[in-house]
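Asker: I'd like to ask some things about the structure below.
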Amino acid sequence: MRTLESSYILSIYNQVKETSISGRWITLNHLKRVFSKYDSNEVIAYNEIGKSEENRPIHQFSFGNGKRKILIWTQMHGNESTGTKAVFDLLNYMTIAKDEFSTSIFNNCTIKIIPIVNPDGAEYYTRVNANSIDLNRDAVDRSAKESQLLRAQLDEFQPDFCFNLHDQRTIFGVEGTLNPATLSFLAPSEEITRKLTEGRKRTMNVIVAMNKLMQTIIPNHIGRYTDEFYPTATGDNFQKLGYPTVLIESGHYPEDYEREESRFFTFSALIQGIAHIASAENFDEFEEYFTIPDNSKNFRDLLHKYSNRQNEAFQYEEILENNKINFIPKKVTDDISALFFHKEIVFED
C-alpha cells in the first residue's frame with residue numbers, strides 16, 4: 001500500500017468535509033442532520049450506548065470488518081470540538097471514497113467512534129461535565145457516568161489502538177520555530193519514570209507515520225505534547241492497561257480561531273494513522289518520535305504595540321453568549337518579552 005500523499009488528501013477533502021457543522025461550538029443539536037444521514041447507511045452503523053449525567057444520549061458509530069480494532073473518542077472536554085468535526089469528515093470519507101486507503105481500512109480494521117463523550121459539557125461549552133468533573137482526570141475513580149461508559153466500551157471492545165482527540169490552547173508553539181503548534185501528538189506515559197514500554201513504542205510508531213504526512217502539509221507546525229505522567233488521566237491509564245493510545249491535540253493555525261483549518265489537519269493525521277494501522281506489517285520503529293519538537297508555552301493571542309509606552313498583551317477567553325462563541329481579550333500580566341503573538345496591532349501615539 002502506498003503512503004498517503006498531501007496532494008491526494010487535499011483533493012479528496014472537499015468531497016468528504018461535513019459542511020453542516022462548523023465553528024467551535026458543536027453540540028448534539030448541531031449533529032441531528034448529520035446523524036440522520038446514517039439511519040440507513042450501508043457502510044456506517046450507529047447506536048446509542050448510554051446517557052450523560054443530564055440524560056443526553058451518547059452515540060457510537062462503527063464500521064469495518066477487519067481484525068485490527070480501533071477505538072476513537074472526542075470531546076471529553078465539551079469545549080474541544082475540532083476532533084468531532086474531523087471524525088464526521090472521516091465517516092464521510094469511508095462512505096464516499098472508494099479508494100485503496102478506505103478499502104484497506106474497511107477490510108483490515110474494525111473501528112468504533114464515540115463523538116462527544118461529554119454532551120453536557122458540549123452544550124454549555126465547558127471543559128467539565130454537568131457535575132463539574134473533568135472526564136480526562138476521572139479514569140481511576142470513574143465517578144462520572146460518561147467515564148464509566150467509556151471504560152465499559154474499552155473493556156468490551158479491547159481495541160488494538162485508541163485515538164483520544166482533544167484541542168489545545170493557543171498558547172502552544174513548536175519549540176525551535178516561530179510557529180504555533182497546530183497539531184501536537186503524544187504517546188502517553190504509563191508511570192512516573194516515563195518508561196518506553198512496548199505499548200508506548202507501538203503508539204509512537206503510529207505517530208511517526210502521522211508526522212511524516214503532516215510535515216508535508218504543514219511543515220514545522222507539529223509539536224510533541226509533554227509526556228509527564230498523570231495518574232488519573234484517561235490516556236495514561238488506557239496505555240497502562242495495555243491499549244496503545246494516540247493523543248491528538250488540535251491547535252491554532254494562523255487566522256483560524258474557528259479551527260476549520262485545524263479540522264482538516266486533524267482529519268489528515270487521523271486518516272494517515274488509521275491507514276498505517278490497517279497496512280503495517282509491524283509497529284517496531286519508533287525512534288523518529290523523539291525528533292518531533294516539544295510544545296512550548298510561548299504564544300499569546302494579541303499584542304498591542306506602542307511607540308512611546310509599554311506594550312500590552314492579551315489572551316482570549318472563549319465565552320458562549322447568545323448561541324455564539326465570543327473571544328474576549330484578557331490582559332496578560334506576565335513578562336511578555338520572550339513571547340510570540342498570533343496577531344499584532346501597532347498604535348501610533
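To be explicit about the labels: the chains of the C-alpha cells are called A, B, and onward in the order shown, and within each one the residues are counted from 1, while ligands get numbers from 1 in the order they are shown.
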Which polymer residues have any atom within 12 Å of an atom of Gln310 of chain A, counting only C-alpha atoms, with same-chain residues fewer than 4 positions away left out, as a PyMOL selection string?

Answerer: chain A and resi 303-306+335-337+347+349

Asker: Next, write the just-selected residues to a file, as a short mmCIF file (atom, residue, chain, number, x, y, z; two decimals), in the first residue's frame, keeping N, CA and C atoms as the atom set.

Answerer:
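The resulting file, out_18.cif, is shown below:
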```cif
data_model
loop_
_atom_site.label_atom_id
_atom_site.label_comp_id
_atom_site.auth_asym_id
_atom_site.auth_seq_id
_atom_site.Cartn_x
_atom_site.Cartn_y
_atom_site.Cartn_z
N LEU A 303 -1.04 41.23 20.64
CA LEU A 303 -0.10 42.21 21.16
C LEU A 303 -0.49 43.60 20.67
N HIS A 304 -0.61 44.53 21.56
CA HIS A 304 -0.75 45.95 21.23
C HIS A 304 0.63 46.58 21.35
N LYS A 305 1.14 47.08 20.24
CA LYS A 305 2.47 47.68 20.23
C LYS A 305 2.35 49.20 20.21
N TYR A 306 3.08 49.83 21.13
CA TYR A 306 3.07 51.29 21.24
C TYR A 306 4.48 51.82 21.04
N ASP A 335 5.54 38.49 32.17
CA ASP A 335 6.57 39.04 31.29
C ASP A 335 6.33 38.56 29.86
N ILE A 336 6.24 39.48 28.93
CA ILE A 336 5.91 39.12 27.55
C ILE A 336 7.10 39.28 26.61
N SER A 337 8.27 39.55 27.16
CA SER A 337 9.42 39.89 26.31
C SER A 337 9.87 38.73 25.43
N PHE A 347 0.00 50.79 17.37
CA PHE A 347 -0.66 52.05 17.65
C PHE A 347 0.36 53.18 17.56
N ASP A 349 1.31 56.65 18.73
CA ASP A 349 0.96 57.59 19.80
C ASP A 349 1.17 59.04 19.33
#
```

Asker: Sorted by chain and rising residue number, list the residues of segment 137-241 of chain A at most 7 Å from segment 270-282 of chain A (counting only C-alpha atoms), each with its closest atom pair and distance in Å to one decimal, as CSV.

Answerer:
```
residue,atom,partner,partner_atom,distance
A:Val206,CA,A:Gly273,CA,5.7
A:Ala209,CA,A:Gly273,CA,6.5
A:Met210,CA,A:Gly273,CA,5.4
```

Asker: One decimal, Å: what's the distance from atom CA of Thr177 of chain A over to atom CA of Ala338 of chain A, could you say?

Answerer: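 A separation of 13.0 Å between them.
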
Asker: Write out as a VMD selection string the residues lying within 12 Å of Phe341 of chain A, counting only C-alpha atoms and excluding same-chain residues fewer than 6 positions away.

Answerer: chain A and resid 170 to 173 178 to 180 252 to 255 297 to 305 312 to 316 332

Asker: Just the selected residues (C-alpha atoms), exported as a tab-separated table (two decimals), in the first residue's frame, please.

Answerer:
```tsv
chain	number	residue	atom	x	y	z
A	170	THR	CA	-3.45	28.90	21.52
A	171	ILE	CA	-0.53	29.39	23.93
A	172	PHE	CA	1.43	26.48	22.45
A	173	GLY	CA	4.17	26.87	19.87
A	178	LEU	CA	8.27	30.79	15.16
A	179	ASN	CA	5.15	28.69	14.53
A	180	PRO	CA	2.12	27.81	16.64
A	252	HIS	CA	-4.07	27.02	16.37
A	253	TYR	CA	-3.26	27.84	12.76
A	254	PRO	CA	-2.82	31.47	11.69
A	255	GLU	CA	-6.17	33.30	11.41
A	297	LYS	CA	4.10	27.73	26.02
A	298	ASN	CA	5.45	30.70	24.11
A	299	PHE	CA	2.42	32.21	22.33
A	300	ARG	CA	-0.31	34.62	23.30
A	301	ASP	CA	-3.20	35.80	21.16
A	302	LEU	CA	-2.78	39.55	20.76
A	303	LEU	CA	-0.10	42.21	21.16
A	304	HIS	CA	-0.75	45.95	21.23
A	305	LYS	CA	2.47	47.68	20.23
A	312	GLU	CA	0.31	45.17	26.18
A	313	ALA	CA	-0.53	41.52	25.60
A	314	PHE	CA	-3.91	39.78	25.66
A	315	GLN	CA	-5.16	36.22	25.75
A	316	TYR	CA	-8.67	35.44	24.53
A	332	VAL	CA	-1.66	39.22	30.24
```

Asker: What lies within 10 Å of segment 191-199 of chain A using only C-alpha atoms, ignoring chain neighbours under 3 positions off, as a PDB file with N, CA and C atoms, in the first residue's frame?

Answerer:
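Written output follows (part33.pdb):
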```pdb
ATOM      1  N   ASP A 160      -6.978  -2.653  19.641  1.00  0.00           N
ATOM      2  CA  ASP A 160      -5.530  -2.708  19.439  1.00  0.00           C
ATOM      3  C   ASP A 160      -4.906  -1.328  19.547  1.00  0.00           C
ATOM      4  N   PHE A 161      -5.676  -0.294  19.175  1.00  0.00           N
ATOM      5  CA  PHE A 161      -5.226   1.092  19.278  1.00  0.00           C
ATOM      6  C   PHE A 161      -6.407   1.979  19.648  1.00  0.00           C
ATOM      7  N   ALA A 187       2.393  10.039  22.882  1.00  0.00           N
ATOM      8  CA  ALA A 187       2.273   8.648  23.336  1.00  0.00           C
ATOM      9  C   ALA A 187       2.330   8.685  24.858  1.00  0.00           C
ATOM     10  N   PRO A 188       1.193   8.638  25.545  1.00  0.00           N
ATOM     11  CA  PRO A 188       1.161   8.867  26.991  1.00  0.00           C
ATOM     12  C   PRO A 188       2.039   7.882  27.765  1.00  0.00           C
ATOM     13  N   ARG A 202       4.594   1.164  20.285  1.00  0.00           N
ATOM     14  CA  ARG A 202       3.614   0.974  19.211  1.00  0.00           C
ATOM     15  C   ARG A 202       2.858   2.270  18.944  1.00  0.00           C
ATOM     16  N   THR A 203       2.525   2.979  20.016  1.00  0.00           N
ATOM     17  CA  THR A 203       1.864   4.271  19.865  1.00  0.00           C
ATOM     18  C   THR A 203       2.759   5.249  19.121  1.00  0.00           C
ATOM     19  N   MET A 204       4.022   5.291  19.497  1.00  0.00           N
ATOM     20  CA  MET A 204       4.980   6.183  18.843  1.00  0.00           C
ATOM     21  C   MET A 204       5.129   5.853  17.360  1.00  0.00           C
ATOM     22  N   ASN A 205       5.100   4.561  17.034  1.00  0.00           N
ATOM     23  CA  ASN A 205       5.211   4.143  15.643  1.00  0.00           C
ATOM     24  C   ASN A 205       4.090   4.752  14.798  1.00  0.00           C
ATOM     25  N   ASP A 227       4.991  14.394  27.958  1.00  0.00           N
ATOM     26  CA  ASP A 227       4.638  13.030  28.373  1.00  0.00           C
ATOM     27  C   ASP A 227       4.735  12.853  29.883  1.00  0.00           C
ATOM     28  N   GLU A 228       4.616  13.946  30.603  1.00  0.00           N
ATOM     29  CA  GLU A 228       4.517  13.841  32.057  1.00  0.00           C
ATOM     30  C   GLU A 228       3.372  12.908  32.424  1.00  0.00           C
ATOM     31  N   PHE A 229       3.612  12.026  33.381  1.00  0.00           N
ATOM     32  CA  PHE A 229       2.610  11.036  33.769  1.00  0.00           C
ATOM     33  C   PHE A 229       1.548  11.675  34.654  1.00  0.00           C
ATOM     34  N   TYR A 230       0.283  11.495  34.274  1.00  0.00           N
ATOM     35  CA  TYR A 230      -0.851  11.960  35.066  1.00  0.00           C
ATOM     36  C   TYR A 230      -1.599  10.724  35.576  1.00  0.00           C
ATOM     37  N   PRO A 231      -1.526  10.416  36.853  1.00  0.00           N
ATOM     38  CA  PRO A 231      -2.059   9.141  37.375  1.00  0.00           C
ATOM     39  C   PRO A 231      -3.543   8.925  37.139  1.00  0.00           C
ATOM     40  N   ASP A 236      -3.194   7.962  29.867  1.00  0.00           N
ATOM     41  CA  ASP A 236      -2.163   7.309  30.663  1.00  0.00           C
ATOM     42  C   ASP A 236      -2.662   5.968  31.198  1.00  0.00           C
ATOM     43  N   ASN A 237      -3.907   5.936  31.667  1.00  0.00           N
ATOM     44  CA  ASN A 237      -4.448   4.708  32.244  1.00  0.00           C
ATOM     45  C   ASN A 237      -4.794   3.683  31.184  1.00  0.00           C
ATOM     46  N   GLN A 239      -3.262   3.399  28.341  1.00  0.00           N
ATOM     47  CA  GLN A 239      -1.948   2.901  27.937  1.00  0.00           C
ATOM     48  C   GLN A 239      -1.444   1.881  28.962  1.00  0.00           C
ATOM     49  N   LYS A 240      -1.613   2.193  30.228  1.00  0.00           N
ATOM     50  CA  LYS A 240      -1.168   1.310  31.308  1.00  0.00           C
ATOM     51  C   LYS A 240      -1.905  -0.021  31.274  1.00  0.00           C
ATOM     52  N   LEU A 241      -3.166  -0.003  30.835  1.00  0.00           N
ATOM     53  CA  LEU A 241      -3.960  -1.226  30.749  1.00  0.00           C
ATOM     54  C   LEU A 241      -3.590  -2.085  29.540  1.00  0.00           C
ATOM     55  N   GLY A 242      -2.709  -1.561  28.680  1.00  0.00           N
ATOM     56  CA  GLY A 242      -2.263  -2.327  27.527  1.00  0.00           C
ATOM     57  C   GLY A 242      -2.905  -1.962  26.216  1.00  0.00           C
ATOM     58  N   TYR A 243      -3.554  -0.780  26.171  1.00  0.00           N
ATOM     59  CA  TYR A 243      -4.198  -0.315  24.944  1.00  0.00           C
ATOM     60  C   TYR A 243      -3.438   0.905  24.411  1.00  0.00           C
ATOM     61  N   PRO A 244      -2.573   0.715  23.402  1.00  0.00           N
ATOM     62  CA  PRO A 244      -1.815   1.851  22.864  1.00  0.00           C
ATOM     63  C   PRO A 244      -2.749   2.993  22.467  1.00  0.00           C
ATOM     64  N   THR A 245      -2.512   4.165  23.043  1.00  0.00           N
ATOM     65  CA  THR A 245      -3.432   5.288  22.905  1.00  0.00           C
ATOM     66  C   THR A 245      -2.713   6.498  22.330  1.00  0.00           C
ATOM     67  N   PHE A 283       4.960  -2.787  14.112  1.00  0.00           N
ATOM     68  CA  PHE A 283       4.956  -1.447  14.697  1.00  0.00           C
ATOM     69  C   PHE A 283       6.216  -1.249  15.541  1.00  0.00           C
ATOM     70  N   ASP A 284       7.339  -1.706  14.993  1.00  0.00           N
ATOM     71  CA  ASP A 284       8.586  -1.744  15.753  1.00  0.00           C
ATOM     72  C   ASP A 284       9.334  -0.414  15.772  1.00  0.00           C
TER      73      ASP A 284
END
```

Asker: Which residue, A:Leu247, A:Leu31, A:Ile111, A:Leu10, has the smallest gap to Leu71 of chain A when you use only C-alpha atoms?

Answerer: A:Ile111

Asker: Which of these, A:Val174, A:Ala97, A:Val246, A:Ala233, has the shortest distance to Tyr13 of chain A once you count only C-alpha atoms?

Answerer: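 For Tyr13 of chain A, the nearest of the candidates is A:Ala97.
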
Asker: Given the choices A:Pro57, A:Asn14, A:Ile96, A:Ser22, which gets closest to Asn41 of chain A if the distance is worked out from only C-alpha atoms?

Answerer: A:Ile96

Asker: With only C-alpha atoms as the counted atoms, please give the residues lying no more than 7 Å from segment 65-68 of chain A, apart from itself and same-chain residues fewer than 3 positions off, as a list in words.

Answerer: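 Result of the neighbour search: Phe106, Asn107, Asn108, Cys109, Thr110 and Asp160 of chain A.
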
Asker: Would you pick out the contacts of His221 of chain A at 6 Å or less, using only C-alpha atoms, so that residues sharing its chain but fewer than 2 positions from it are not included, and give the list as a list in words?

Answerer: Asn179, Ala181, Thr182, Ile218 and Pro219 of chain A

Asker: Kindly save the residues from that selection, with all heavy atoms included, as a PDB file, in the first residue's frame.

Answerer:
```pdb
ATOM      1  N   ASN A 179       6.475  29.148  14.920  1.00  0.00           N
ATOM      2  CA  ASN A 179       5.147  28.690  14.531  1.00  0.00           C
ATOM      3  C   ASN A 179       4.319  28.225  15.720  1.00  0.00           C
ATOM      4  O   ASN A 179       4.854  27.635  16.669  1.00  0.00           O
ATOM      5  CB  ASN A 179       5.256  27.518  13.550  1.00  0.00           C
ATOM      6  CG  ASN A 179       5.981  27.889  12.287  1.00  0.00           C
ATOM      7  OD1 ASN A 179       5.876  29.019  11.808  1.00  0.00           O
ATOM      8  ND2 ASN A 179       6.726  26.945  11.736  1.00  0.00           N
ATOM      9  N   ALA A 181       1.786  25.594  17.509  1.00  0.00           N
ATOM     10  CA  ALA A 181       1.631  24.138  17.438  1.00  0.00           C
ATOM     11  C   ALA A 181       0.218  23.838  16.942  1.00  0.00           C
ATOM     12  O   ALA A 181      -0.727  23.785  17.717  1.00  0.00           O
ATOM     13  CB  ALA A 181       1.877  23.503  18.806  1.00  0.00           C
ATOM     14  N   THR A 182       0.094  23.649  15.636  1.00  0.00           N
ATOM     15  CA  THR A 182      -1.216  23.424  15.030  1.00  0.00           C
ATOM     16  C   THR A 182      -1.725  22.023  15.333  1.00  0.00           C
ATOM     17  O   THR A 182      -2.929  21.819  15.493  1.00  0.00           O
ATOM     18  CB  THR A 182      -1.141  23.663  13.521  1.00  0.00           C
ATOM     19  OG1 THR A 182      -0.677  25.006  13.298  1.00  0.00           O
ATOM     20  CG2 THR A 182      -2.486  23.485  12.864  1.00  0.00           C
ATOM     21  N   ILE A 218       1.833  20.767   6.648  1.00  0.00           N
ATOM     22  CA  ILE A 218       2.121  21.964   7.452  1.00  0.00           C
ATOM     23  C   ILE A 218       3.477  21.773   8.139  1.00  0.00           C
ATOM     24  O   ILE A 218       3.545  21.559   9.353  1.00  0.00           O
ATOM     25  CB  ILE A 218       1.022  22.264   8.494  1.00  0.00           C
ATOM     26  CG1 ILE A 218       0.561  20.977   9.204  1.00  0.00           C
ATOM     27  CG2 ILE A 218      -0.140  22.997   7.884  1.00  0.00           C
ATOM     28  CD1 ILE A 218      -0.342  21.246  10.404  1.00  0.00           C
ATOM     29  N   PRO A 219       4.556  21.844   7.385  1.00  0.00           N
ATOM     30  CA  PRO A 219       5.878  21.603   7.982  1.00  0.00           C
ATOM     31  C   PRO A 219       6.171  22.568   9.124  1.00  0.00           C
ATOM     32  O   PRO A 219       5.821  23.746   9.079  1.00  0.00           O
ATOM     33  CB  PRO A 219       6.838  21.825   6.798  1.00  0.00           C
ATOM     34  CG  PRO A 219       6.069  22.614   5.799  1.00  0.00           C
ATOM     35  CD  PRO A 219       4.648  22.202   5.963  1.00  0.00           C
TER      36      PRO A 219
END
```

Asker: Pick out the residues sitting within 10 Å of Ile325 of chain A, and hand them over as a PyMOL selection string; count only C-alpha atoms, and ignore anything fewer than 5 positions along from it in its own chain.

Answerer: chain A and resi 23-25+125+258+317-320

Asker: In Å, rounded to a single decimal, give me how far atom CA of Gln158 of chain A is from atom CA of Ile44 of chain A.

Answerer: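 Value for the atom CA of Ile44 of chain A-atom CA of Gln158 of chain A distance: 20.0 Å.
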
Asker: Just asking: which residues within segment 26-194 of chain A are alpha helix (DSSP H) according to DSSP, as a compact mmCIF listing (two decimals) with C-alpha atoms, in the first residue's frame?

Answerer:
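Written file, states_28.txt:
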```
# COMPACT_ATOMS: atom_id res chain seq x y z
CA LYS A 32 -29.05 15.99 14.26
CA ARG A 33 -28.83 16.42 10.49
CA VAL A 34 -25.55 14.50 10.40
CA PHE A 35 -26.96 11.61 12.40
CA SER A 36 -29.93 11.28 10.06
CA THR A 82 -12.18 20.01 16.42
CA GLY A 83 -11.88 16.24 16.70
CA THR A 84 -15.64 15.84 16.48
CA LYS A 85 -15.73 17.71 13.19
CA ALA A 86 -12.82 15.64 11.92
CA VAL A 87 -14.39 12.26 12.76
CA PHE A 88 -17.54 13.13 10.83
CA ASP A 89 -15.33 14.05 7.89
CA LEU A 90 -13.75 10.62 8.38
CA LEU A 91 -17.16 8.92 8.33
CA ASN A 92 -18.00 10.73 5.08
CA TYR A 93 -14.67 9.60 3.67
CA MET A 94 -15.41 5.99 4.47
CA THR A 95 -18.84 6.32 2.87
CA ILE A 96 -17.91 8.32 -0.24
CA GLU A 100 -7.30 1.85 -1.85
CA PHE A 101 -6.99 3.52 1.54
CA SER A 102 -10.65 3.31 2.54
CA THR A 103 -10.81 -0.24 1.20
CA SER A 104 -7.77 -1.28 3.19
CA ILE A 105 -9.14 0.36 6.33
CA PHE A 106 -12.53 -1.30 5.92
CA ASN A 107 -11.09 -4.75 5.21
CA ASN A 108 -8.34 -4.73 7.82
CA PRO A 119 -22.54 16.08 25.61
CA ASP A 120 -23.45 18.15 28.70
CA GLY A 121 -20.13 19.96 28.61
CA ALA A 122 -20.58 20.45 24.87
CA GLU A 123 -23.99 22.03 25.43
CA TYR A 124 -22.61 24.57 27.91
CA LYS A 145 -21.46 8.30 34.04
CA GLU A 146 -19.52 9.30 30.94
CA SER A 147 -16.25 7.91 32.35
CA GLN A 148 -17.95 4.64 33.24
CA LEU A 149 -19.40 4.37 29.75
CA LEU A 150 -16.08 4.98 28.00
CA ARG A 151 -14.31 2.43 30.17
CA ALA A 152 -17.07 -0.11 29.55
CA GLN A 153 -16.63 0.32 25.81
CA LEU A 154 -12.88 -0.14 26.16
CA ASP A 155 -13.26 -3.31 28.24
CA GLU A 156 -15.83 -4.80 25.88
CA PHE A 157 -14.12 -3.90 22.60
```
